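Enquirer: What follows is the file target38.cif, containing mmCIF, C-alpha atoms:
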data_my_file
#
loop_
_atom_site.label_atom_id
_atom_site.label_comp_id
_atom_site.auth_asym_id
_atom_site.auth_seq_id
_atom_site.Cartn_x
_atom_site.Cartn_y
_atom_site.Cartn_z
CA MET A 1 36.44 12.25 -23.52
CA ALA A 2 36.48 15.28 -21.24
CA ASP A 3 38.07 14.98 -17.82
CA ILE A 4 35.64 14.04 -15.14
CA THR A 5 35.98 16.18 -12.06
CA ASP A 6 36.21 14.53 -8.67
CA SER A 7 32.82 15.89 -7.70
CA LYS A 8 31.25 14.50 -10.85
CA ARG A 9 32.83 11.13 -10.21
CA GLN A 10 31.34 11.20 -6.72
CA VAL A 11 27.88 12.12 -7.96
CA LEU A 12 27.95 9.37 -10.58
CA ALA A 13 29.06 6.81 -8.03
CA LEU A 14 26.30 7.84 -5.61
CA PHE A 15 23.61 7.71 -8.26
CA THR A 16 24.80 4.36 -9.59
CA GLY A 17 24.10 3.01 -6.12
CA TYR A 18 20.67 4.64 -6.05
CA ARG A 19 19.91 3.16 -9.45
CA ASP A 20 20.69 -0.29 -8.16
CA THR A 21 18.45 0.23 -5.15
CA LEU A 22 15.53 1.46 -7.25
CA ASP A 23 16.01 -1.37 -9.77
CA SER A 24 16.03 -3.96 -7.03
CA HIS A 25 12.86 -2.47 -5.52
CA HIS A 26 11.03 -2.41 -8.89
CA ASP A 27 12.09 -5.99 -9.62
CA GLN A 28 10.85 -7.16 -6.24
CA ARG A 29 7.55 -5.39 -6.76
CA GLU A 30 7.17 -7.09 -10.15
CA ARG A 31 7.80 -10.51 -8.64
CA VAL A 32 5.09 -9.90 -6.03
CA ILE A 33 2.63 -8.75 -8.71
CA LYS A 34 3.25 -11.85 -10.84
CA CYS A 35 2.92 -14.21 -7.91
CA SER A 36 -0.22 -12.44 -6.72
CA ARG A 37 -1.76 -12.93 -10.17
CA ASP A 38 -0.98 -16.65 -10.08
CA ILE A 39 -2.54 -16.94 -6.63
CA THR A 40 -5.63 -15.11 -7.89
CA ALA A 41 -5.99 -17.45 -10.87
CA LEU A 42 -5.64 -20.62 -8.81
CA SER A 43 -7.96 -19.34 -6.07
CA LYS A 44 -10.63 -18.62 -8.67
CA LYS A 45 -10.27 -22.24 -9.86
CA ILE A 46 -10.85 -23.39 -6.30
CA VAL A 47 -14.04 -21.32 -6.17
CA PHE A 48 -15.33 -22.75 -9.48
CA SER A 49 -14.54 -26.21 -8.27
CA LEU A 50 -16.39 -25.62 -4.98
CA LEU A 51 -19.44 -24.19 -6.74
CA ARG A 52 -19.84 -27.46 -8.64
CA ILE A 53 -20.85 -29.05 -5.33
CA THR A 54 -24.53 -28.87 -6.18
CA GLN A 55 -23.88 -30.85 -9.37
CA GLU A 56 -21.70 -33.53 -7.83
CA SER A 57 -23.12 -36.60 -6.19
CA SER A 58 -20.59 -36.54 -3.40
CA PRO A 59 -19.38 -33.35 -1.73
CA GLU A 60 -16.26 -35.28 -0.64
CA SER A 61 -14.88 -35.34 -4.17
CA VAL A 62 -15.31 -31.57 -4.42
CA PHE A 63 -13.47 -30.95 -1.16
CA LYS A 64 -10.76 -33.39 -2.15
CA ASP A 65 -10.20 -31.51 -5.40
CA ALA A 66 -10.12 -28.24 -3.48
CA GLU A 67 -7.53 -29.72 -1.14
CA ASN A 68 -5.31 -30.65 -4.08
CA LYS A 69 -5.54 -27.19 -5.56
CA HIS A 70 -4.89 -25.75 -2.11
CA LYS A 71 -1.55 -27.58 -1.97
CA GLN A 72 -0.60 -25.82 -5.21
CA VAL A 73 -1.64 -22.44 -3.82
CA LEU A 74 0.55 -23.01 -0.78
CA ASP A 75 3.49 -23.47 -3.14
CA LEU A 76 2.72 -20.07 -4.64
CA PHE A 77 2.55 -18.59 -1.16
CA ARG A 78 5.95 -20.13 -0.42
CA LYS A 79 7.24 -18.28 -3.46
CA ILE A 80 5.70 -14.92 -2.56
CA SER A 81 6.70 -15.27 1.06
CA VAL A 82 10.35 -14.79 0.10
CA GLU A 83 9.57 -11.25 -1.05
CA LEU A 84 7.39 -10.33 1.91
CA GLN A 85 9.68 -10.74 4.89
CA GLY A 86 9.78 -8.18 7.69
CA SER A 87 8.90 -4.65 6.65
CA ASN A 88 8.55 -5.77 3.01
CA SER A 89 5.26 -7.40 3.92
CA LEU A 90 3.55 -4.03 4.25
CA LYS A 91 5.79 -2.39 1.66
CA TYR A 92 4.41 -4.62 -1.08
CA ASN A 93 0.98 -5.23 0.45
CA ARG A 94 -0.75 -3.24 -2.28
CA GLN A 95 0.72 -5.64 -4.86
CA ALA A 96 0.12 -8.80 -2.82
CA THR A 97 -3.36 -8.07 -1.54
CA PRO A 98 -5.38 -8.96 -4.68
CA GLY A 99 -4.11 -12.55 -4.57
CA LEU A 100 -4.49 -12.74 -0.82
CA GLN A 101 -8.08 -11.50 -0.95
CA GLU A 102 -9.00 -13.95 -3.71
CA TYR A 103 -7.46 -16.77 -1.63
CA ILE A 104 -9.39 -15.74 1.49
CA GLU A 105 -12.57 -15.68 -0.57
CA ALA A 106 -11.86 -19.22 -1.81
CA ILE A 107 -11.13 -20.78 1.58
CA GLY A 108 -13.96 -18.71 3.03
CA LEU A 109 -16.42 -20.30 0.62
CA TRP A 110 -14.92 -23.68 1.46
CA ALA A 111 -15.43 -23.12 5.19
CA PHE A 112 -19.01 -22.08 4.60
CA LEU A 113 -19.84 -25.09 2.44
CA GLN A 114 -18.07 -27.63 4.60
CA ASP A 115 -18.61 -26.29 8.12
CA ASN A 116 -21.21 -23.54 7.78
CA VAL A 117 -18.97 -20.96 9.42
CA LEU A 118 -17.50 -17.62 8.52
CA ILE A 119 -13.78 -18.23 8.35
CA SER A 120 -11.89 -16.19 10.95
CA LYS A 121 -8.61 -14.37 10.37
CA ASP A 122 -6.89 -16.88 12.67
CA GLN A 123 -8.23 -19.74 10.58
CA VAL A 124 -6.92 -18.05 7.44
CA LEU A 125 -3.49 -17.84 9.05
CA GLN A 126 -3.75 -21.49 10.07
CA ARG A 127 -4.48 -22.50 6.47
CA LEU A 128 -1.43 -20.52 5.42
CA SER A 129 0.79 -22.17 8.02
CA VAL A 130 3.44 -24.71 7.17
CA PRO A 131 6.40 -26.11 9.11
CA GLY A 132 9.47 -23.90 8.70
CA PRO A 133 13.06 -25.09 8.36
CA ASP A 134 13.24 -25.26 12.16
CA GLY A 135 10.10 -27.35 12.30
CA VAL A 136 8.00 -24.55 13.77
CA VAL A 137 4.63 -24.17 12.06
CA ALA A 138 4.01 -20.56 11.05
CA PRO A 139 2.00 -18.63 8.44
CA LEU A 140 3.81 -18.14 5.14
CA VAL A 141 2.61 -14.55 4.88
CA SER A 142 0.94 -12.00 7.16
CA VAL A 143 -2.66 -11.04 6.70
CA THR A 144 -3.74 -7.52 7.57
CA ASP A 145 -7.22 -6.75 8.88
CA GLU A 146 -7.86 -5.00 5.60
CA ASP A 147 -6.83 -8.05 3.55
CA TYR A 148 -9.16 -10.17 5.64
CA ILE A 149 -12.13 -7.80 5.55
CA LEU A 150 -11.91 -7.26 1.80
CA GLY A 151 -11.44 -11.00 1.27
CA ILE A 152 -14.53 -12.05 3.20
CA SER A 153 -16.57 -9.20 1.80
CA ASP A 154 -16.41 -10.97 -1.57
CA LEU A 155 -18.04 -14.07 -0.10
CA PRO A 156 -21.67 -12.93 -0.48
CA GLY A 157 -21.31 -12.97 -4.28
CA GLU A 158 -20.12 -16.57 -4.32
CA VAL A 159 -22.57 -17.72 -1.63
CA ASN A 160 -25.29 -16.18 -3.77
CA ARG A 161 -24.16 -18.23 -6.79
CA TYR A 162 -24.14 -21.38 -4.69
CA CYS A 163 -27.59 -20.48 -3.40
CA ILE A 164 -29.04 -20.06 -6.89
CA ASN A 165 -27.67 -23.49 -7.81
CA ALA A 166 -29.08 -24.96 -4.60
CA ILE A 167 -32.49 -23.48 -5.31
CA GLY A 168 -32.37 -25.12 -8.72
CA LYS A 169 -31.86 -28.44 -6.96
CA GLY A 170 -34.53 -27.73 -4.39
CA GLU A 171 -32.09 -27.87 -1.50
CA HIS A 172 -34.08 -25.95 1.09
CA GLU A 173 -31.68 -26.37 3.95
CA ALA A 174 -28.78 -25.05 1.90
CA VAL A 175 -30.80 -22.03 0.85
CA ARG A 176 -31.82 -21.29 4.41
CA ARG A 177 -28.19 -21.46 5.50
CA CYS A 178 -27.19 -19.06 2.71
CA LEU A 179 -29.81 -16.58 3.71
CA MET A 180 -28.71 -16.64 7.35
CA PHE A 181 -25.09 -16.29 6.33
CA LEU A 182 -25.72 -13.33 4.06
CA ARG A 183 -27.78 -11.55 6.68
CA GLN A 184 -25.12 -12.02 9.33
CA MET A 185 -22.42 -10.84 6.94
CA LYS A 186 -24.42 -7.74 6.16
CA GLU A 187 -24.80 -7.01 9.86
CA GLY A 188 -21.10 -7.55 10.47
CA ILE A 189 -19.90 -5.44 7.56
CA ASN A 190 -22.25 -2.63 8.48
CA MET A 191 -20.61 -2.61 11.90
CA LEU A 192 -17.24 -2.21 10.23
CA MET A 193 -18.40 0.59 8.00
CA CYS A 194 -19.24 2.58 11.13
CA SER A 195 -15.66 2.36 12.33
CA GLY A 196 -12.61 3.44 10.37
CA TYR A 197 -12.43 3.61 6.62
CA VAL A 198 -11.57 0.46 4.70
CA ARG A 199 -10.67 1.05 1.09
CA ASP A 200 -13.14 -0.34 -1.48
CA LEU A 201 -15.46 -1.69 1.19
CA ASP A 202 -18.41 0.44 0.12
CA LYS A 203 -18.34 -1.10 -3.35
CA LYS A 204 -18.41 -4.56 -1.85
CA VAL A 205 -21.36 -3.68 0.36
CA ALA A 206 -23.31 -2.75 -2.75
CA VAL A 207 -22.66 -6.25 -4.11
CA LEU A 208 -23.61 -7.77 -0.76
CA ASP A 209 -26.92 -5.91 -0.69
CA SER A 210 -27.79 -7.03 -4.20
CA SER A 211 -26.76 -10.64 -3.39
CA LEU A 212 -28.93 -10.63 -0.30
CA GLU A 213 -31.87 -9.23 -2.18
CA LYS A 214 -31.56 -11.79 -4.99
CA THR A 215 -31.30 -14.62 -2.48
CA GLU A 216 -34.34 -13.44 -0.54
CA ARG A 217 -36.41 -13.15 -3.68
CA ALA A 218 -35.29 -16.53 -4.92
CA TYR A 219 -36.10 -18.13 -1.56
CA TYR A 220 -39.45 -16.41 -1.59
CA SER A 221 -40.24 -17.77 -5.07
CA MET A 222 -39.09 -21.20 -4.03
CA SER A 223 -41.31 -21.15 -0.94
CA ILE A 224 -44.32 -20.03 -2.95
CA ARG A 225 -43.72 -22.81 -5.49
CA ASP A 226 -43.37 -25.37 -2.74
CA SER A 227 -46.50 -24.34 -0.89
CA GLU A 228 -48.42 -24.40 -4.16
CA MET A 229 -47.11 -27.89 -4.87
CA ASN A 230 -48.06 -28.99 -1.37
CA THR A 231 -51.56 -27.58 -1.71
CA GLN A 232 -51.95 -29.33 -5.03
CA ASN A 233 -50.92 -32.54 -3.37
CA GLY A 234 -53.51 -31.91 -0.74
CA ARG A 235 -51.02 -31.60 2.06
CA LEU A 236 -50.71 -28.84 4.60
CA SER A 237 -48.68 -26.02 3.13
CA MET A 238 -45.11 -26.05 4.35
CA ALA A 239 -44.35 -23.60 7.09
CA VAL A 240 -42.25 -20.93 5.51
CA ASP A 241 -39.35 -20.57 7.84
CA ILE A 242 -37.54 -17.38 7.02
CA MET B 1 -21.76 -16.74 12.87
CA ASP B 2 -19.54 -15.40 15.58
CA VAL B 3 -20.28 -11.71 15.96
CA GLN B 4 -17.11 -11.43 18.04
CA VAL B 5 -15.11 -11.55 14.81
CA PHE B 6 -16.63 -8.27 13.73
CA VAL B 7 -16.50 -6.72 17.20
CA ASP B 8 -12.76 -7.37 17.40
CA LEU B 9 -12.19 -5.99 13.91
CA GLN B 10 -14.22 -2.94 14.78
CA ASP B 11 -12.09 -2.31 17.88
CA ARG B 12 -8.90 -2.54 15.88
CA LEU B 13 -10.26 -0.25 13.16
CA ASP B 14 -11.22 2.29 15.82
CA GLN B 15 -7.74 2.18 17.31
CA GLU B 16 -6.26 2.64 13.89
CA SER B 17 -8.49 5.67 13.27
CA THR B 18 -7.21 7.25 16.44
CA LEU B 19 -3.62 6.64 15.39
CA ARG B 20 -4.29 8.13 11.98
CA GLU B 21 -5.66 11.28 13.62
CA SER B 22 -2.48 11.64 15.66
CA ILE B 23 -0.33 11.13 12.57
CA LYS B 24 -2.34 13.75 10.71
CA ASP B 25 -1.76 16.25 13.51
CA ALA B 26 1.98 15.57 13.62
CA VAL B 27 2.25 15.98 9.86
CA LYS B 28 0.33 19.24 10.05
CA GLU B 29 2.84 20.60 12.56
CA LEU B 30 5.74 19.49 10.40
CA ASN B 31 4.24 21.18 7.36
CA LYS B 32 3.81 24.43 9.28
CA THR B 33 7.43 24.45 10.40
CA CYS B 34 8.64 23.63 6.90
CA ARG B 35 6.60 26.42 5.39
CA LEU B 36 8.15 28.90 7.78
CA ALA B 37 11.65 27.63 7.03
CA SER B 38 10.93 27.74 3.31
CA ALA B 39 9.85 31.37 3.48
CA LYS B 40 13.03 32.33 5.31
CA LEU B 41 15.22 30.30 2.98
CA ALA B 42 13.63 31.97 -0.03
CA LYS B 43 15.42 35.17 1.01
CA ALA B 44 18.55 33.56 -0.44
CA HIS B 45 17.22 34.47 -3.85
CA ALA B 46 17.37 38.16 -2.96
CA VAL B 47 21.00 38.34 -1.89
CA PRO B 48 24.39 37.63 -3.48
CA LYS B 49 26.33 34.50 -2.59
CA SER B 50 28.42 36.37 -0.03
CA GLN B 51 25.38 36.93 2.12
CA SER B 52 23.70 33.57 1.82
CA GLN B 53 25.40 32.33 5.00
CA GLU B 54 23.25 34.77 6.97
CA VAL B 55 20.15 33.29 5.43
CA THR B 56 21.12 29.71 6.27
CA ASP B 57 22.09 30.73 9.79
CA SER B 58 18.67 32.33 10.26
CA ILE B 59 16.86 29.04 9.75
CA LYS B 60 18.81 27.01 12.28
CA PRO B 61 15.95 27.34 14.82
CA GLN B 62 13.52 26.08 12.18
CA PHE B 63 15.62 23.01 11.50
CA GLU B 64 15.64 22.35 15.23
CA ALA B 65 11.85 22.57 15.23
CA ILE B 66 11.69 20.24 12.21
CA ARG B 67 13.81 17.73 14.08
CA GLN B 68 11.36 17.85 16.95
CA ASN B 69 8.29 17.57 14.72
CA ILE B 70 9.78 14.53 13.03
CA GLY B 71 10.64 13.10 16.44
CA THR B 72 6.98 13.36 17.42
CA LEU B 73 6.00 11.55 14.26
CA VAL B 74 8.60 8.83 14.75
CA ALA B 75 7.36 8.19 18.28
CA LEU B 76 3.91 7.37 16.92
CA ILE B 77 5.06 4.78 14.41
CA GLN B 78 6.11 1.23 15.07
CA PRO B 79 8.80 0.33 12.49
CA VAL B 80 6.94 -2.79 11.42
CA ALA B 81 3.92 -0.60 10.52
CA PHE B 82 6.05 2.03 8.75
CA TYR B 83 4.79 1.25 5.27
CA LYS B 84 1.20 1.06 6.40
CA TYR B 85 1.00 4.80 7.10
CA HIS B 86 3.90 5.98 4.97
CA GLU B 87 1.74 7.84 2.45
CA MET B 88 0.49 10.12 5.23
CA TRP B 89 3.80 11.87 5.80
CA THR B 90 5.79 11.28 2.63
CA ASN B 91 5.10 14.71 1.12
CA ALA B 92 5.96 16.53 4.34
CA ILE B 93 9.22 14.60 4.69
CA GLN B 94 10.11 15.33 1.08
CA GLY B 95 9.57 19.00 1.80
CA ALA B 96 11.79 18.90 4.86
CA CYS B 97 14.57 17.17 2.92
CA ALA B 98 14.26 19.69 0.09
CA LEU B 99 14.98 22.44 2.60
CA VAL B 100 18.10 20.64 3.77
CA VAL B 101 19.30 20.11 0.21
CA PHE B 102 18.86 23.78 -0.65
CA ALA B 103 20.43 24.98 2.60
CA VAL B 104 23.48 22.75 2.12
CA TYR B 105 23.92 24.02 -1.43
CA LEU B 106 23.74 27.62 -0.25
CA GLU B 107 26.32 26.98 2.46
CA SER B 108 28.76 24.73 0.64
CA ALA B 109 27.83 24.65 -3.07
CA ARG B 110 27.49 20.87 -2.99
CA LEU B 111 24.83 18.18 -2.89
CA ALA B 112 23.55 17.28 0.54
CA THR B 113 24.36 13.64 1.25
CA PRO B 114 22.19 11.24 3.24
CA GLU B 115 24.54 11.96 6.13
CA ASP B 116 23.71 15.66 5.87
CA ILE B 117 20.01 14.90 5.91
CA GLN B 118 20.47 12.81 9.02
CA ALA B 119 22.47 15.56 10.69
CA TYR B 120 19.84 18.19 9.98
CA VAL B 121 16.59 16.32 10.66
CA GLY B 122 17.64 13.37 12.79
CA CYS B 123 16.45 10.60 10.48
CA ARG B 124 18.40 8.03 8.50
CA VAL B 125 17.94 7.89 4.74
CA ASN B 126 17.36 4.30 3.63
CA THR B 127 19.52 4.00 0.52
CA ASP B 128 19.19 0.26 -0.03
CA ASN B 129 16.25 -2.06 -0.50
CA THR B 130 16.64 -4.00 2.72
CA ASP B 131 14.32 -4.54 5.65
CA ILE B 132 13.91 -1.55 7.95
CA ALA B 133 13.84 -1.69 11.72
CA GLU B 134 13.24 1.99 12.40
CA PHE B 135 11.57 5.07 10.97
CA VAL B 136 13.51 6.09 7.86
CA ILE B 137 13.50 8.59 5.06
CA THR B 138 13.04 6.59 1.87
CA LEU B 139 15.35 6.87 -1.10
CA GLU B 140 12.47 8.21 -3.21
CA GLU B 141 11.87 11.00 -0.70
CA TYR B 142 15.55 11.95 -0.82
CA LEU B 143 15.54 11.91 -4.63
CA HIS B 144 12.38 14.04 -4.76
CA ALA B 145 14.15 16.54 -2.52
CA ILE B 146 17.06 16.69 -4.97
CA VAL B 147 14.66 17.29 -7.86
CA SER B 148 13.34 20.31 -5.96
CA LEU B 149 16.86 21.67 -5.92
CA PHE B 150 16.93 22.08 -9.70
CA ASN B 151 14.05 24.48 -9.59
CA GLU B 152 15.73 26.53 -6.85
CA LEU B 153 18.94 26.53 -8.86
CA SER B 154 17.28 27.90 -11.95
CA ARG B 155 15.70 30.66 -9.91
CA LEU B 156 19.01 31.31 -8.18
CA ALA B 157 20.77 31.63 -11.52
CA VAL B 158 18.29 34.24 -12.69
CA ASN B 159 18.35 36.10 -9.37
CA SER B 160 22.14 36.11 -9.21
CA VAL B 161 22.19 38.26 -12.28
CA ILE B 162 19.71 40.62 -10.65
CA VAL B 163 21.98 41.12 -7.61
CA ASN B 164 25.02 41.41 -9.84
CA ASP B 165 26.59 38.13 -8.74
CA VAL B 166 28.10 37.30 -12.15
CA GLN B 167 30.20 34.33 -11.12
CA ARG B 168 27.35 32.38 -9.69
CA PRO B 169 25.33 31.35 -12.76
CA GLN B 170 28.43 29.65 -14.16
CA GLU B 171 28.97 27.70 -10.94
CA ILE B 172 25.29 26.81 -10.78
CA SER B 173 25.32 25.60 -14.36
CA ALA B 174 28.34 23.35 -13.82
CA PHE B 175 26.88 21.93 -10.65
CA ALA B 176 23.42 21.41 -12.13
CA SER B 177 24.69 19.55 -15.18
CA GLU B 178 26.80 17.24 -12.99
CA LEU B 179 23.80 16.50 -10.81
CA TYR B 180 21.58 15.97 -13.84
CA ALA B 181 24.09 13.47 -15.23
CA GLY B 182 23.74 11.52 -12.00
CA PHE B 183 19.97 11.62 -12.21
CA GLN B 184 20.00 10.37 -15.76
CA LEU B 185 21.62 7.15 -14.56
CA LEU B 186 18.42 6.17 -12.79
CA ASN B 187 15.94 3.77 -14.38
CA LEU B 188 12.73 5.48 -13.45
CA LYS B 189 9.31 3.93 -13.82
CA ASN B 190 6.18 5.89 -14.67
CA ASP B 191 5.68 7.38 -11.23
CA SER B 192 5.77 10.80 -9.62
CA LEU B 193 9.57 10.79 -9.49
CA ARG B 194 9.70 10.19 -13.22
CA ARG B 195 7.27 13.00 -13.92
CA ARG B 196 9.24 15.46 -11.80
CA PHE B 197 12.47 14.24 -13.37
CA ASP B 198 11.10 15.18 -16.78
CA SER B 199 10.60 18.74 -15.59
CA ILE B 200 14.29 19.04 -14.65
CA LYS B 201 15.08 19.50 -18.35
CA TYR B 202 13.38 22.88 -18.30
CA ASP B 203 15.25 24.05 -15.23
CA ILE B 204 18.54 23.02 -16.80
CA LYS B 205 17.65 24.87 -19.98
CA LYS B 206 16.82 28.03 -18.05
CA ILE B 207 20.12 27.84 -16.20
CA GLU B 208 22.07 27.46 -19.42
CA GLU B 209 20.28 30.42 -20.96
CA VAL B 210 21.37 32.57 -18.07
#
Take the structure in this file and express it as structure tokens.
Expert:
Amino acid sequence: MADITDSKRQVLALFTGYRDTLDSHHDQRERVIKCSRDITALSKKIVFSLLRITQESSPESVFKDAENKHKQVLDLFRKISVELQGSNSLKYNRQATPGLQEYIEAIGLWAFLQDNVLISKDQVLQRLSVPGPDGVVAPLVSVTDEDYILGISDLPGEVNRYCINAIGKGEHEAVRRCLMFLRQMKEGINMLMCSGYVRDLDKKVAVLDSSLEKTERAYYSMSIRDSEMNTQNGRLSMAVDI
Amino acid sequence: MDVQVFVDLQDRLDQESTLRESIKDAVKELNKTCRLASAKLAKAHAVPKSQSQEVTDSIKPQFEAIRQNIGTLVALIQPVAFYKYHEMWTNAIQGACALVVFAVYLESARLATPEDIQAYVGCRVNTDNTDIAEFVITLEEYLHAIVSLFNELSRLAVNSVIVNDVQRPQEISAFASELYAGFQLLNLKNDSLRRRFDSIKYDIKKIEEV
């Protein structure tokens, strides 16, 4: 083997260090991606479980099931939290955000079904909070405004699904709530579109508009059906409260 | 639904927009200064090695200006938000580092170290994967700057012959192959660094031909 010059030895030593740094960064990124996927999968299960609420006799059993799944999601967040400390939180946000958004969508749907509210970013952080080793309760991960906005902007799609199911069961009150919710979301998101640019938000607005339209048409059909039924029964037609 | 949620978000988005505008302006200034420095540094291709010191001396004021431009940028960024806006200045920073790497080679025929970078532009190069508490130059930016050197070296080799500097191509070739050996140690993923790394082959080939 040829003699290695001092300068070559130096270069090789330097680059060996850089290799280790890059490897460690790529490995960390991979771990975040994998964990984010797991969070996405479990959050979707929570959504499916919540959407069954129109089929179940008691909403309590649905929320209880959601709570159990939520405990599992928190374990996944504990895992991902290790990789997202300090400046790493934003460094790997692009990899972590899909899971985070899916989670926000799931607990957002939950909050709508259980309490008829739009979940706030603070409430998201509360749901993500657990006692630390020192006993202080703190969120396992940070949530950026973008994570939050993109997460809640997926709610209209799921609320729409719930609404269609509710219409099938003739649950007027539920449908009315959905309509109000979708309209207020549209108003809110339009406000945001006027301010800075949020990546991917315009695509989500398109889904929101179509969800709103479908819901309005479905409600309209439902109201027509009901007033026809009422007329047939010889009663005063129901006031259509839109 | 509480409209306040959206009002607050809107406020924060507006503030962020304003910050992004300021960052854009700072980056624009940095790019201007770098372009000027690059033009001056390019004169090194037209002179033999003995005169390259004059060229590197001539850009000292530009490096001072680059330091200041970067200082302006640093002042805008909170370290905890570093990675949020990082994409906005990464190309400009790479460019600035590339200038340092070339200038150091011209002056001392060696690879600029992270310490050199810090001395020239006032910013630490982050060579490990730990948490950062300040504005840094990332390892990838530093490595991109080194990749740029290969292209300059291949041009320099060709131009040395033109100005009758016959020793130089040999030195350049030895240096370039050492540096390339270092680069080959890296496990690169399919990103921009990898793509630029692939183009180094051609520069090396050109140098060897000379």
Enquirer: Quick one: apply the PyMOL selection byres ((chain B and resi 57) around 12) to the file and drop the selected residues here as an mmCIF file with C-alpha atoms, in the coordinates of the input.
Expert:
data_model
loop_
_atom_site.group_PDB
_atom_site.id
_atom_site.type_symbol
_atom_site.label_atom_id
_atom_site.label_comp_id
_atom_site.auth_asym_id
_atom_site.auth_seq_id
_atom_site.Cartn_x
_atom_site.Cartn_y
_atom_site.Cartn_z
ATOM 1 C CA ALA B 37 11.650 27.630 7.030
ATOM 2 C CA LYS B 40 13.030 32.330 5.310
ATOM 3 C CA LEU B 41 15.220 30.300 2.980
ATOM 4 C CA LYS B 43 15.420 35.170 1.010
ATOM 5 C CA ALA B 44 18.550 33.560 -0.440
ATOM 6 C CA GLN B 51 25.380 36.930 2.120
ATOM 7 C CA SER B 52 23.700 33.570 1.820
ATOM 8 C CA GLN B 53 25.400 32.330 5.000
ATOM 9 C CA GLU B 54 23.250 34.770 6.970
ATOM 10 C CA VAL B 55 20.150 33.290 5.430
ATOM 11 C CA THR B 56 21.120 29.710 6.270
ATOM 12 C CA SER B 58 18.670 32.330 10.260
ATOM 13 C CA ILE B 59 16.860 29.040 9.750
ATOM 14 C CA LYS B 60 18.810 27.010 12.280
ATOM 15 C CA PRO B 61 15.950 27.340 14.820
ATOM 16 C CA GLN B 62 13.520 26.080 12.180
ATOM 17 C CA PHE B 63 15.620 23.010 11.500
ATOM 18 C CA GLU B 64 15.640 22.350 15.230
ATOM 19 C CA ALA B 103 20.430 24.980 2.600
ATOM 20 C CA VAL B 104 23.480 22.750 2.120
ATOM 21 C CA LEU B 106 23.740 27.620 -0.250
ATOM 22 C CA GLU B 107 26.320 26.980 2.460
#
Enquirer: If you count all atoms listed in the file, which residues fall within 7 Å of range 172-178 of chain B, apart from same-chain ones fewer than 5 positions away, as a ChimeraX atom specification?
Expert: /A:8 /B:150,153,157,204,207-208
Enquirer: Provide as a PyMOL selection string the residues of chain B at most 7 Å from chain A, counting all atoms listed in the file.
Expert: chain B and resi 1+3+5-6+10+13-14+17+80+83-84+127-129+131-132+178-179+182-183+185-187
Enquirer: Where does the PyMOL selection byres ((chain A and resi 214-217) around 8) land in this file, that is, which residues does it pick, as a list of chain:residue names?
Expert: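 Output from the PyMOL selection byres ((chain A and resi 214-217) around 8), applied to this file: A:Asn160, A:Cys163, A:Ile164, A:Cys178, A:Leu179, A:Ser210, A:Ser211, A:Leu212, A:Glu213, A:Ala218, A:Tyr219, A:Tyr220, A:Ser221.
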Enquirer: Can you give me, as a list of chain:residue names, the residues this file yields under the PyMOL selection byres ((chain B and resi 156) around 9)?
Expert: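 For this structure, the PyMOL selection byres ((chain B and resi 156) around 9) resolves to B:Ala44, B:His45, B:Ala46, B:Asn151, B:Glu152, B:Leu153, B:Ser154, B:Arg155, B:Ala157, B:Val158, B:Asn159, B:Ser160, B:Val161, B:Arg168, B:Pro169, B:Ile172, B:Ile207.
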Enquirer: If we count only C-alpha atoms and set the cut-off at 12 Å, which residues sit around Leu99 in chain B, ignoring sequence neighbours fewer than 6 positions away in its own chain? Please answer as a PyMOL selection string.
Expert: chain B and resi 31+33-42+56+59-60+62-63+66+92-93+105-106+112+116-117+120-121+142+144-149+152
Enquirer: With all atoms listed in the file as the counted atoms, please give the residues lying no more than 9 Å from Asp65 in chain A, apart from itself and same-chain residues fewer than 5 positions off, as a ChimeraX atom specification.
Expert: /A:46,49-50,60,70
Enquirer: Kindly provide, as a list in words, the polymer residues lying within 10 Å of (-1.8, -17.2, 12.7), counting only C-alpha atoms and using the coordinates exactly as they appear in the file.
Expert: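 Applying the cut-off with only C-alpha atoms, one gets Lys121, Asp122, Gln123, Val124, Leu125, Gln126, Arg127, Leu128, Ser129, Val137, Ala138, Pro139, Leu140, Val141, Ser142 and Val143 of chain A.
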Enquirer: Have a look at A:Met222, A:Ile104, A:Leu201, A:Pro133 and name the one nearest to Arg176 in chain A; count all atoms listed in the file.
Expert: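 Ranking A:Met222, A:Ile104, A:Leu201, A:Pro133 by distance to Arg176 in chain A, first place goes to A:Met222.
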Enquirer: Could you list, as number ranges by chain, every residue within 8 Å of Ile137 in chain B, counting only C-alpha atoms and ignoring same-chain residues fewer than 6 positions away?
Expert: B: 93, 123-126
Enquirer: What does the distance between CA of Gln95 in chain A and CA of Asp27 in chain A come to in Å, to one decimal place?
Expert: 12.3 Å
Enquirer: Using all atoms of range 6-19 of chain B that appear in the file, construct an axis-aligned enclosing box with 5 Å of padding on every side and provide its centre coordinates and edge lengths in Å, rounded to one decimal, as AutoDock Vina command-line options.
Expert:
--center_x -10.1 --center_y -0.5 --center_z 15.5 --size_x 23.0 --size_y 25.5 --size_z 14.7
Enquirer: From the list A:Cys35, A:Asn165, A:Trp110, A:Leu74, which residue is nearest Val62 in chain A when using only C-alpha atoms?
Expert: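 Checking each candidate against Val62 in chain A, we get A:Trp110 as the closest.
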